[in-house]
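The file my_file-v2.cif comes next; it holds mmCIF, C-alpha atoms and all ligand atoms.
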data_entry
#
loop_
_atom_site.group_PDB
_atom_site.id
_atom_site.type_symbol
_atom_site.label_atom_id
_atom_site.label_comp_id
_atom_site.auth_asym_id
_atom_site.auth_seq_id
_atom_site.Cartn_x
_atom_site.Cartn_y
_atom_site.Cartn_z
ATOM 1 C CA MET A 1 194.229 77.245 145.786
ATOM 2 C CA THR A 2 191.819 74.514 146.732
ATOM 3 C CA SER A 3 191.079 73.970 150.409
ATOM 4 C CA LYS A 4 191.649 70.621 152.062
ATOM 5 C CA PRO A 5 188.482 68.507 152.298
ATOM 6 C CA GLU A 6 186.958 68.685 155.762
ATOM 7 C CA THR A 7 186.318 65.664 157.938
ATOM 8 C CA ALA A 8 184.673 65.321 161.356
ATOM 9 C CA GLY A 9 184.542 62.230 163.545
ATOM 10 C CA PRO A 10 186.998 59.603 164.779
ATOM 11 C CA PRO A 11 190.169 58.914 162.728
ATOM 12 C CA VAL A 12 190.000 55.645 160.779
ATOM 13 C CA ASP A 13 192.895 54.146 162.774
ATOM 14 C CA SER A 14 191.111 54.769 166.091
ATOM 15 C CA LEU A 15 187.958 52.808 165.241
ATOM 16 C CA PRO A 16 187.416 49.751 167.464
ATOM 17 C CA GLN A 17 187.498 46.280 165.862
ATOM 18 C CA ARG A 18 185.236 43.890 167.732
ATOM 19 C CA ASN A 19 183.861 41.795 164.877
ATOM 20 C CA ASN A 20 185.428 40.304 161.780
ATOM 21 C CA ALA A 21 182.899 41.962 159.461
ATOM 22 C CA LEU A 22 182.425 45.709 158.903
ATOM 23 C CA LEU A 23 179.210 47.400 157.804
ATOM 24 C CA VAL A 24 179.671 50.939 156.410
ATOM 25 C CA LEU A 25 176.416 52.867 156.121
ATOM 26 C CA ASP A 26 175.580 56.137 154.422
ATOM 27 C CA VAL A 27 173.197 58.130 156.659
ATOM 28 C CA ASP A 28 170.738 60.232 154.604
ATOM 29 C CA GLU A 29 168.062 57.951 153.076
ATOM 30 C CA VAL A 30 169.720 54.854 154.612
ATOM 31 C CA VAL A 31 169.657 55.512 158.382
ATOM 32 C CA LEU A 32 167.753 58.806 158.569
ATOM 33 C CA GLU A 33 164.934 59.930 156.284
ATOM 34 C CA PHE A 34 166.011 62.745 153.954
ATOM 35 C CA ILE A 35 163.705 62.996 150.930
ATOM 36 C CA THR A 36 160.422 62.887 152.887
ATOM 37 C CA PRO A 37 161.425 65.626 155.379
ATOM 38 C CA PHE A 38 163.026 67.599 152.521
ATOM 39 C CA CYS A 39 159.687 67.572 150.683
ATOM 40 C CA ARG A 40 157.916 68.700 153.856
ATOM 41 C CA LEU A 41 160.364 71.599 154.157
ATOM 42 C CA LEU A 42 159.932 72.462 150.466
ATOM 43 C CA ASP A 43 156.215 72.788 151.087
ATOM 44 C CA GLU A 44 156.958 75.343 153.828
ATOM 45 C CA HIS A 45 158.973 77.255 151.200
ATOM 46 C CA GLY A 46 156.132 77.080 148.669
ATOM 47 C CA ALA A 47 157.860 74.505 146.468
ATOM 48 C CA ARG A 48 157.391 70.897 145.425
ATOM 49 C CA LEU A 49 159.556 68.045 144.117
ATOM 50 C CA HIS A 50 158.601 66.685 140.655
ATOM 51 C CA PRO A 51 161.170 63.938 140.000
ATOM 52 C CA GLU A 52 161.855 63.681 136.283
ATOM 53 C CA SER A 53 165.479 62.580 136.705
ATOM 54 C CA PHE A 54 167.784 61.340 139.488
ATOM 55 C CA ARG A 55 168.634 64.758 140.971
ATOM 56 C CA LEU A 56 167.088 67.515 143.064
ATOM 57 C CA THR A 57 168.374 70.462 141.003
ATOM 58 C CA GLY A 58 165.882 71.274 138.242
ATOM 59 C CA ASN A 59 163.218 68.996 139.708
ATOM 60 C CA VAL A 60 162.009 71.317 142.491
ATOM 61 C CA ARG A 61 159.485 73.895 141.360
ATOM 62 C CA SER A 62 157.718 76.862 142.913
ATOM 63 C CA ILE A 63 154.064 75.963 143.534
ATOM 64 C CA ALA A 64 153.012 79.532 142.617
ATOM 65 C CA THR A 65 155.009 80.034 139.395
ATOM 66 C CA GLY A 66 156.215 76.571 138.326
ATOM 67 C CA ALA A 67 159.761 77.939 138.047
ATOM 68 C CA ALA A 68 162.589 75.595 139.048
ATOM 69 C CA LEU A 69 164.424 76.584 142.239
ATOM 70 C CA SER A 70 168.101 77.435 141.709
ATOM 71 C CA GLY A 71 170.950 75.276 142.997
ATOM 72 C CA PRO A 72 171.939 77.862 145.672
ATOM 73 C CA ARG A 73 168.315 78.059 146.870
ATOM 74 C CA LEU A 74 168.173 74.253 147.175
ATOM 75 C CA ASP A 75 171.518 74.257 148.996
ATOM 76 C CA ALA A 76 170.123 76.796 151.493
ATOM 77 C CA ILE A 77 167.032 74.631 152.080
ATOM 78 C CA THR A 78 169.259 71.547 152.540
ATOM 79 C CA GLN A 79 171.353 73.438 155.098
ATOM 80 C CA GLN A 80 168.135 74.396 156.934
ATOM 81 C CA LEU A 81 167.139 70.724 156.995
ATOM 82 C CA TYR A 82 170.541 69.785 158.470
ATOM 83 C CA ASP A 83 170.301 72.664 161.006
ATOM 84 C CA GLU A 84 166.902 71.385 162.109
ATOM 85 C CA GLN A 85 167.556 67.650 161.593
ATOM 86 C CA GLN A 86 166.865 66.718 165.211
ATOM 87 C CA THR A 87 163.196 67.587 164.758
ATOM 88 C CA ARG A 88 162.899 66.887 161.015
ATOM 89 C CA GLN A 89 164.850 63.707 160.150
ATOM 90 C CA PRO A 90 163.463 60.557 161.819
ATOM 91 C CA PRO A 91 165.239 57.184 161.562
ATOM 92 C CA VAL A 92 164.282 55.078 158.536
ATOM 93 C CA ALA A 93 161.679 52.421 159.421
ATOM 94 C CA GLY A 94 163.228 49.329 160.993
ATOM 95 C CA VAL A 95 166.810 50.623 161.117
ATOM 96 C CA GLU A 96 167.231 50.623 164.915
ATOM 97 C CA GLU A 97 166.092 47.004 165.237
ATOM 98 C CA ALA A 98 168.092 45.789 162.220
ATOM 99 C CA LEU A 99 171.317 47.462 163.377
ATOM 100 C CA GLY A 100 170.778 46.212 166.921
ATOM 101 C CA ARG A 101 170.852 42.655 165.552
ATOM 102 C CA LEU A 102 173.564 43.211 162.929
ATOM 103 C CA SER A 103 175.874 44.841 165.522
ATOM 104 C CA GLN A 104 176.177 41.401 167.143
ATOM 105 C CA MET A 105 177.951 40.146 164.037
ATOM 106 C CA ALA A 106 179.562 43.216 162.433
ATOM 107 C CA ASP A 107 181.233 46.488 163.413
ATOM 108 C CA ILE A 108 179.085 49.368 162.199
ATOM 109 C CA LEU A 109 180.315 52.740 160.897
ATOM 110 C CA PHE A 110 178.235 55.638 159.598
ATOM 111 C CA LEU A 111 179.883 57.464 156.671
ATOM 112 C CA THR A 112 178.072 60.632 155.629
ATOM 113 C CA ALA A 113 178.839 63.335 153.072
ATOM 114 C CA MET A 114 176.728 65.782 155.111
ATOM 115 C CA THR A 115 178.620 69.055 155.724
ATOM 116 C CA PRO A 116 180.992 68.174 158.605
ATOM 117 C CA SER A 117 179.988 71.348 160.515
ATOM 118 C CA HIS A 118 176.676 69.623 161.339
ATOM 119 C CA TYR A 119 178.483 66.679 162.953
ATOM 120 C CA ASP A 120 177.553 67.397 166.610
ATOM 121 C CA ARG A 121 173.887 67.867 165.806
ATOM 122 C CA ARG A 122 173.722 64.578 163.862
ATOM 123 C CA ARG A 123 175.711 62.754 166.544
ATOM 124 C CA ARG A 124 173.116 63.764 169.175
ATOM 125 C CA LEU A 125 170.241 62.777 166.885
ATOM 126 C CA LEU A 126 171.714 59.308 166.260
ATOM 127 C CA ASP A 127 172.597 58.811 169.942
ATOM 128 C CA ASP A 128 169.058 59.779 170.992
ATOM 129 C CA ALA A 129 167.701 57.187 168.521
ATOM 130 C CA GLY A 130 169.887 54.474 170.101
ATOM 131 C CA LEU A 131 172.228 54.482 167.095
ATOM 132 C CA ALA A 132 175.458 55.176 168.974
ATOM 133 C CA PHE A 133 177.758 53.699 166.302
ATOM 134 C CA PRO A 134 180.793 55.767 165.219
ATOM 135 C CA MET A 135 180.259 58.303 162.422
ATOM 136 C CA ILE A 136 182.613 60.010 159.999
ATOM 137 C CA ALA A 137 181.276 63.092 158.167
ATOM 138 C CA THR A 138 183.555 63.991 155.290
ATOM 139 C CA GLU A 139 183.893 65.917 152.055
ATOM 140 C CA ARG A 140 186.435 63.295 150.897
ATOM 141 C CA SER A 141 185.528 60.576 148.402
ATOM 142 C CA LYS A 142 183.774 57.691 150.128
ATOM 143 C CA GLY A 143 185.900 55.390 147.959
ATOM 144 C CA ALA A 144 189.125 56.674 149.556
ATOM 145 C CA VAL A 145 187.740 56.326 153.085
ATOM 146 C CA VAL A 146 186.416 52.790 152.502
ATOM 147 C CA ALA A 147 189.750 51.745 150.949
ATOM 148 C CA GLU A 148 191.537 52.969 154.116
ATOM 149 C CA LEU A 149 189.101 50.998 156.272
ATOM 150 C CA CYS A 150 189.660 47.853 154.186
ATOM 151 C CA ALA A 151 193.445 48.186 154.482
ATOM 152 C CA ARG A 152 193.133 47.828 158.265
ATOM 153 C CA ARG A 153 190.834 44.782 158.290
ATOM 154 C CA ASN A 154 190.748 41.196 157.038
ATOM 155 C CA GLY A 155 187.031 40.348 157.202
ATOM 156 C CA PRO A 156 184.168 41.090 154.816
ATOM 157 C CA VAL A 157 183.151 44.735 154.303
ATOM 158 C CA VAL A 158 179.669 45.829 153.209
ATOM 159 C CA PHE A 159 178.854 49.352 151.980
ATOM 160 C CA VAL A 160 175.268 50.668 151.811
ATOM 161 C CA ASP A 161 174.261 53.928 150.067
ATOM 162 C CA ASP A 162 171.235 55.412 148.274
ATOM 163 C CA LEU A 163 173.330 57.101 145.560
ATOM 164 C CA PRO A 164 174.565 54.768 142.789
ATOM 165 C CA PRO A 165 177.611 57.003 142.047
ATOM 166 C CA ASN A 166 178.798 56.419 145.641
ATOM 167 C CA LEU A 167 178.459 52.654 145.168
ATOM 168 C CA ALA A 168 180.452 52.967 141.918
ATOM 169 C CA VAL A 169 183.267 55.000 143.478
ATOM 170 C CA VAL A 170 183.602 52.533 146.359
ATOM 171 C CA HIS A 171 183.670 49.670 143.854
ATOM 172 C CA ARG A 172 186.546 51.349 141.986
ATOM 173 C CA SER A 173 188.568 52.049 145.157
ATOM 174 C CA ALA A 174 187.827 48.779 146.989
ATOM 175 C CA PRO A 175 186.522 46.113 144.547
ATOM 176 C CA GLN A 176 186.272 43.436 147.273
ATOM 177 C CA VAL A 177 183.533 45.379 149.138
ATOM 178 C CA ARG A 178 179.961 44.049 148.860
ATOM 179 C CA LEU A 179 177.639 46.851 147.679
ATOM 180 C CA LEU A 180 174.013 47.336 148.647
ATOM 181 C CA HIS A 181 171.606 49.975 147.374
ATOM 182 C CA LEU A 182 168.936 51.167 149.805
ATOM 183 C CA MET A 183 166.815 54.332 149.454
ATOM 184 C CA ALA A 184 164.048 54.886 151.995
ATOM 185 C CA ASN A 185 161.833 57.105 149.842
ATOM 186 C CA GLU A 186 160.465 55.625 146.617
ATOM 187 C CA VAL A 187 159.944 58.723 144.447
ATOM 188 C CA PHE A 188 163.308 58.498 142.691
ATOM 189 C CA ARG A 189 163.158 54.744 142.006
ATOM 190 C CA PRO A 190 161.860 55.095 138.422
ATOM 191 C CA HIS A 191 164.870 57.339 137.665
ATOM 192 C CA LEU A 192 167.562 55.329 139.438
ATOM 193 C CA PRO A 193 170.814 55.194 137.417
ATOM 194 C CA ALA A 194 172.336 51.769 136.773
ATOM 195 C CA LEU A 195 174.001 50.194 139.797
ATOM 196 C CA PRO A 196 177.468 48.623 139.557
ATOM 197 C CA ALA A 197 177.031 45.064 138.226
ATOM 198 C CA SER A 198 177.968 43.460 141.540
ATOM 199 C CA ALA A 199 175.591 45.582 143.665
ATOM 200 C CA ALA A 200 172.417 44.226 145.240
ATOM 201 C CA SER A 201 169.303 46.233 145.921
ATOM 202 C CA ALA A 202 167.077 46.279 149.026
ATOM 203 C CA ARG A 203 163.605 47.789 149.260
ATOM 204 C CA ASP A 204 163.641 48.279 153.044
ATOM 205 C CA TRP A 205 165.621 47.384 156.176
ATOM 206 C CA GLY A 206 164.019 43.934 156.493
ATOM 207 C CA ASP A 207 165.288 43.132 153.033
ATOM 208 C CA ALA A 208 168.668 44.787 153.677
ATOM 209 C CA GLU A 209 169.238 42.844 156.893
ATOM 210 C CA ALA A 210 168.601 39.497 155.167
ATOM 211 C CA ILE A 211 171.047 40.340 152.337
ATOM 212 C CA ILE A 212 173.759 41.573 154.736
ATOM 213 C CA ARG A 213 173.392 38.471 156.947
ATOM 214 C CA ALA A 214 173.821 36.229 153.912
ATOM 215 C CA TRP A 215 176.969 38.132 152.907
ATOM 216 C CA ILE A 216 178.729 38.259 156.258
ATOM 217 C CA GLY A 217 177.652 34.793 157.414
ATOM 218 C CA ASP A 218 175.272 34.208 160.274
HETATM 219 MG MG MG B 1 172.436 59.232 151.248
#

Could you show the structure in this file as structure tokens?
Amino acid sequence: MTSKPETAGPPVDSLPQRNNALLVLDVDEVVLEFITPFCRLLDEHGARLHPESFRLTGNVRSIATGAALSGPRLDAITQQLYDEQQTRQPPVAGVEEALGRLSQMADILFLTAMTPSHYDRRRRLLDDAGLAFPMIATERSKGAVVAELCARRNGPVVFVDDLPPNLAVVHRSAPQVRLLHLMANEVFRPHLPALPASAASARDWGDAEAIIRAWIGD
């Protein structure tokens, strides 16, 4: 028997609609740094990231032996990062200012695949950073959630994520959504898989804000 995917946060039908446009943002590597603090934590565990492909598993090695860390070991380190996110995961450069301006013209929703049990901790971290926009943490497909959001709205919808497969799944479920790739840390850029043909790419939040403004109309 498979268990039902877990979700934490406000139900889709309870989200306020104040603006015509909707901006749906992944959190790790888009709103909060993930790779940089993950590497810092790896160092504390005597390991280092050597990106040779677009994944963590197999690319993290023990500094002492050179052996790759197992998937379960990496999962445990990721859970530690989420447990300690309030002191380890700072906002991505420029995000508070950009979202402050964009929130005048679009509703903003955070959509994270982080384990929903860490919801309260992440909520406090975002609130403390002045990023009090609603957040849904879910194990469901982001494509399904974005399609539900689109069904309730008439205006333009923009989806931003650092993982190309998430952009692709949203494109399949909701082809009208504008897709933007943004990844705060640069180490994986040489190994980035192909983006969906319609997706744009931003190097930082200054770049992302300009693209989003052009899409949703200023
Ligand atoms: Mg992410």

Practice problem: Using all atoms listed in the file, find the one residue out of A:Phe38, A:Phe110, A:Phe133, A:Phe54 that sits nearest to Thr78 (chain A). | Solution: A:Phe38

Quiz prompt | Protein and nucleic residues near ligand MG 1 (chain B), 7 Å, all atoms listed in the file, as a ChimeraX atom specification | solution = /A:26-30,161-163

Quick one: residues within 7 Å of Glu209 (chain A), all atoms listed in the file counted, chain neighbours fewer than 4 positions away excluded, as a CSV table (one decimal) with C-alpha atoms, in the frame of the given file?
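That gives us around.csv:
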chain,number,residue,atom,x,y,z
A,98,ALA,CA,168.1,45.8,162.2
A,205,TRP,CA,165.6,47.4,156.2
A,213,ARG,CA,173.4,38.5,156.9

Practice problem: Run through the PyMOL selection byres (((chain A and resi 121) around 9) and not hetatm) on the given coordinates and return the selected residues as a PyMOL selection string. | Solution: chain A and resi 82-86+117-120+122-126

Quiz prompt | Proximity to Ala197 (chain A) - best of A:Pro164, A:Gly143, A:Gly217, A:Pro51, all atoms listed in the file | solution =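 Ranked by minimum distance to Ala197 (chain A), first place goes to A:Pro164.
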
Self-check item: Using only C-alpha atoms: which of A:Pro91, A:Gly46, A:Pro11, A:Pro116 has the shortest distance to Leu32 (chain A)
Solution: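 Smallest distance to Leu32 (chain A) is found for A:Pro91.
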
Can region 161-196 of chain A be brought up to N, CA and C atoms and written out as a PDB file, in the coordinates of the input?
ATOM      1  N   ASP A 161     174.475  52.512 150.418  1.00  0.00           N
ATOM      2  CA  ASP A 161     174.261  53.928 150.067  1.00  0.00           C
ATOM      3  C   ASP A 161     173.030  54.024 149.158  1.00  0.00           C
ATOM      4  N   ASP A 162     172.393  55.207 149.161  1.00  0.00           N
ATOM      5  CA  ASP A 162     171.235  55.412 148.274  1.00  0.00           C
ATOM      6  C   ASP A 162     171.657  55.994 146.923  1.00  0.00           C
ATOM      7  N   LEU A 163     172.901  56.461 146.807  1.00  0.00           N
ATOM      8  CA  LEU A 163     173.330  57.101 145.560  1.00  0.00           C
ATOM      9  C   LEU A 163     174.227  56.153 144.760  1.00  0.00           C
ATOM     10  N   PRO A 164     173.759  55.685 143.595  1.00  0.00           N
ATOM     11  CA  PRO A 164     174.565  54.768 142.789  1.00  0.00           C
ATOM     12  C   PRO A 164     175.987  55.261 142.501  1.00  0.00           C
ATOM     13  N   PRO A 165     176.214  56.578 142.280  1.00  0.00           N
ATOM     14  CA  PRO A 165     177.611  57.003 142.047  1.00  0.00           C
ATOM     15  C   PRO A 165     178.523  56.703 143.241  1.00  0.00           C
ATOM     16  N   ASN A 166     177.973  56.759 144.469  1.00  0.00           N
ATOM     17  CA  ASN A 166     178.798  56.419 145.641  1.00  0.00           C
ATOM     18  C   ASN A 166     179.135  54.933 145.658  1.00  0.00           C
ATOM     19  N   LEU A 167     178.177  54.088 145.262  1.00  0.00           N
ATOM     20  CA  LEU A 167     178.459  52.654 145.168  1.00  0.00           C
ATOM     21  C   LEU A 167     179.561  52.419 144.129  1.00  0.00           C
ATOM     22  N   ALA A 168     179.476  53.149 143.010  1.00  0.00           N
ATOM     23  CA  ALA A 168     180.452  52.967 141.918  1.00  0.00           C
ATOM     24  C   ALA A 168     181.847  53.396 142.360  1.00  0.00           C
ATOM     25  N   VAL A 169     181.951  54.502 143.082  1.00  0.00           N
ATOM     26  CA  VAL A 169     183.267  55.000 143.478  1.00  0.00           C
ATOM     27  C   VAL A 169     183.891  54.069 144.533  1.00  0.00           C
ATOM     28  N   VAL A 170     183.076  53.498 145.393  1.00  0.00           N
ATOM     29  CA  VAL A 170     183.602  52.533 146.359  1.00  0.00           C
ATOM     30  C   VAL A 170     184.044  51.262 145.635  1.00  0.00           C
ATOM     31  N   HIS A 171     183.287  50.861 144.630  1.00  0.00           N
ATOM     32  CA  HIS A 171     183.670  49.670 143.854  1.00  0.00           C
ATOM     33  C   HIS A 171     185.031  49.865 143.181  1.00  0.00           C
ATOM     34  N   ARG A 172     185.264  51.071 142.655  1.00  0.00           N
ATOM     35  CA  ARG A 172     186.546  51.349 141.986  1.00  0.00           C
ATOM     36  C   ARG A 172     187.715  51.350 142.975  1.00  0.00           C
ATOM     37  N   SER A 173     187.473  51.916 144.174  1.00  0.00           N
ATOM     38  CA  SER A 173     188.568  52.049 145.157  1.00  0.00           C
ATOM     39  C   SER A 173     188.790  50.769 145.957  1.00  0.00           C
ATOM     40  N   ALA A 174     187.736  49.978 146.141  1.00  0.00           N
ATOM     41  CA  ALA A 174     187.827  48.779 146.989  1.00  0.00           C
ATOM     42  C   ALA A 174     186.922  47.700 146.399  1.00  0.00           C
ATOM     43  N   PRO A 175     187.388  47.037 145.307  1.00  0.00           N
ATOM     44  CA  PRO A 175     186.522  46.113 144.547  1.00  0.00           C
ATOM     45  C   PRO A 175     186.040  44.904 145.349  1.00  0.00           C
ATOM     46  N   GLN A 176     186.685  44.600 146.472  1.00  0.00           N
ATOM     47  CA  GLN A 176     186.272  43.436 147.273  1.00  0.00           C
ATOM     48  C   GLN A 176     185.047  43.729 148.138  1.00  0.00           C
ATOM     49  N   VAL A 177     184.646  45.000 148.255  1.00  0.00           N
ATOM     50  CA  VAL A 177     183.533  45.379 149.138  1.00  0.00           C
ATOM     51  C   VAL A 177     182.199  44.975 148.519  1.00  0.00           C
ATOM     52  N   ARG A 178     181.312  44.377 149.322  1.00  0.00           N
ATOM     53  CA  ARG A 178     179.961  44.049 148.860  1.00  0.00           C
ATOM     54  C   ARG A 178     179.118  45.315 148.900  1.00  0.00           C
ATOM     55  N   LEU A 179     178.368  45.586 147.830  1.00  0.00           N
ATOM     56  CA  LEU A 179     177.639  46.851 147.679  1.00  0.00           C
ATOM     57  C   LEU A 179     176.140  46.614 147.746  1.00  0.00           C
ATOM     58  N   LEU A 180     175.465  47.451 148.517  1.00  0.00           N
ATOM     59  CA  LEU A 180     174.013  47.336 148.647  1.00  0.00           C
ATOM     60  C   LEU A 180     173.361  48.700 148.451  1.00  0.00           C
ATOM     61  N   HIS A 181     172.372  48.743 147.564  1.00  0.00           N
ATOM     62  CA  HIS A 181     171.606  49.975 147.374  1.00  0.00           C
ATOM     63  C   HIS A 181     170.351  49.943 148.228  1.00  0.00           C
ATOM     64  N   LEU A 182     170.146  51.021 148.993  1.00  0.00           N
ATOM     65  CA  LEU A 182     168.936  51.167 149.805  1.00  0.00           C
ATOM     66  C   LEU A 182     168.558  52.640 149.815  1.00  0.00           C
ATOM     67  N   MET A 183     167.301  52.949 149.470  1.00  0.00           N
ATOM     68  CA  MET A 183     166.815  54.332 149.454  1.00  0.00           C
ATOM     69  C   MET A 183     165.427  54.325 150.066  1.00  0.00           C
ATOM     70  N   ALA A 184     165.285  54.998 151.225  1.00  0.00           N
ATOM     71  CA  ALA A 184     164.048  54.886 151.995  1.00  0.00           C
ATOM     72  C   ALA A 184     162.827  55.370 151.201  1.00  0.00           C
ATOM     73  N   ASN A 185     162.954  56.522 150.581  1.00  0.00           N
ATOM     74  CA  ASN A 185     161.833  57.105 149.842  1.00  0.00           C
ATOM     75  C   ASN A 185     161.792  56.539 148.422  1.00  0.00           C
ATOM     76  N   GLU A 186     160.598  56.316 147.910  1.00  0.00           N
ATOM     77  CA  GLU A 186     160.465  55.625 146.617  1.00  0.00           C
ATOM     78  C   GLU A 186     160.399  56.535 145.398  1.00  0.00           C
ATOM     79  N   VAL A 187     160.279  57.869 145.600  1.00  0.00           N
ATOM     80  CA  VAL A 187     159.944  58.723 144.447  1.00  0.00           C
ATOM     81  C   VAL A 187     160.998  58.730 143.342  1.00  0.00           C
ATOM     82  N   PHE A 188     162.261  58.462 143.713  1.00  0.00           N
ATOM     83  CA  PHE A 188     163.308  58.498 142.691  1.00  0.00           C
ATOM     84  C   PHE A 188     163.547  57.140 142.034  1.00  0.00           C
ATOM     85  N   ARG A 189     162.857  56.098 142.520  1.00  0.00           N
ATOM     86  CA  ARG A 189     163.158  54.744 142.006  1.00  0.00           C
ATOM     87  C   ARG A 189     163.010  54.610 140.488  1.00  0.00           C
ATOM     88  N   PRO A 190     161.969  55.240 139.887  1.00  0.00           N
ATOM     89  CA  PRO A 190     161.860  55.095 138.422  1.00  0.00           C
ATOM     90  C   PRO A 190     163.023  55.736 137.669  1.00  0.00           C
ATOM     91  N   HIS A 191     163.787  56.607 138.349  1.00  0.00           N
ATOM     92  CA  HIS A 191     164.870  57.339 137.665  1.00  0.00           C
ATOM     93  C   HIS A 191     166.247  56.910 138.132  1.00  0.00           C
ATOM     94  N   LEU A 192     166.299  55.798 138.869  1.00  0.00           N
ATOM     95  CA  LEU A 192     167.562  55.329 139.438  1.00  0.00           C
ATOM     96  C   LEU A 192     168.577  54.996 138.337  1.00  0.00           C
ATOM     97  N   PRO A 193     169.788  55.586 138.392  1.00  0.00           N
ATOM     98  CA  PRO A 193     170.814  55.194 137.417  1.00  0.00           C
ATOM     99  C   PRO A 193     171.217  53.740 137.627  1.00  0.00           C
ATOM    100  N   ALA A 194     171.894  53.162 136.652  1.00  0.00           N
ATOM    101  CA  ALA A 194     172.336  51.769 136.773  1.00  0.00           C
ATOM    102  C   ALA A 194     173.266  51.611 137.963  1.00  0.00           C
ATOM    103  N   LEU A 195     173.109  50.503 138.685  1.00  0.00           N
ATOM    104  CA  LEU A 195     174.001  50.194 139.797  1.00  0.00           C
ATOM    105  C   LEU A 195     175.216  49.458 139.239  1.00  0.00           C
ATOM    106  N   PRO A 196     176.355  49.483 139.972  1.00  0.00           N
ATOM    107  CA  PRO A 196     177.468  48.623 139.557  1.00  0.00           C
ATOM    108  C   PRO A 196     176.978  47.175 139.453  1.00  0.00           C
TER     109      PRO A 196
END
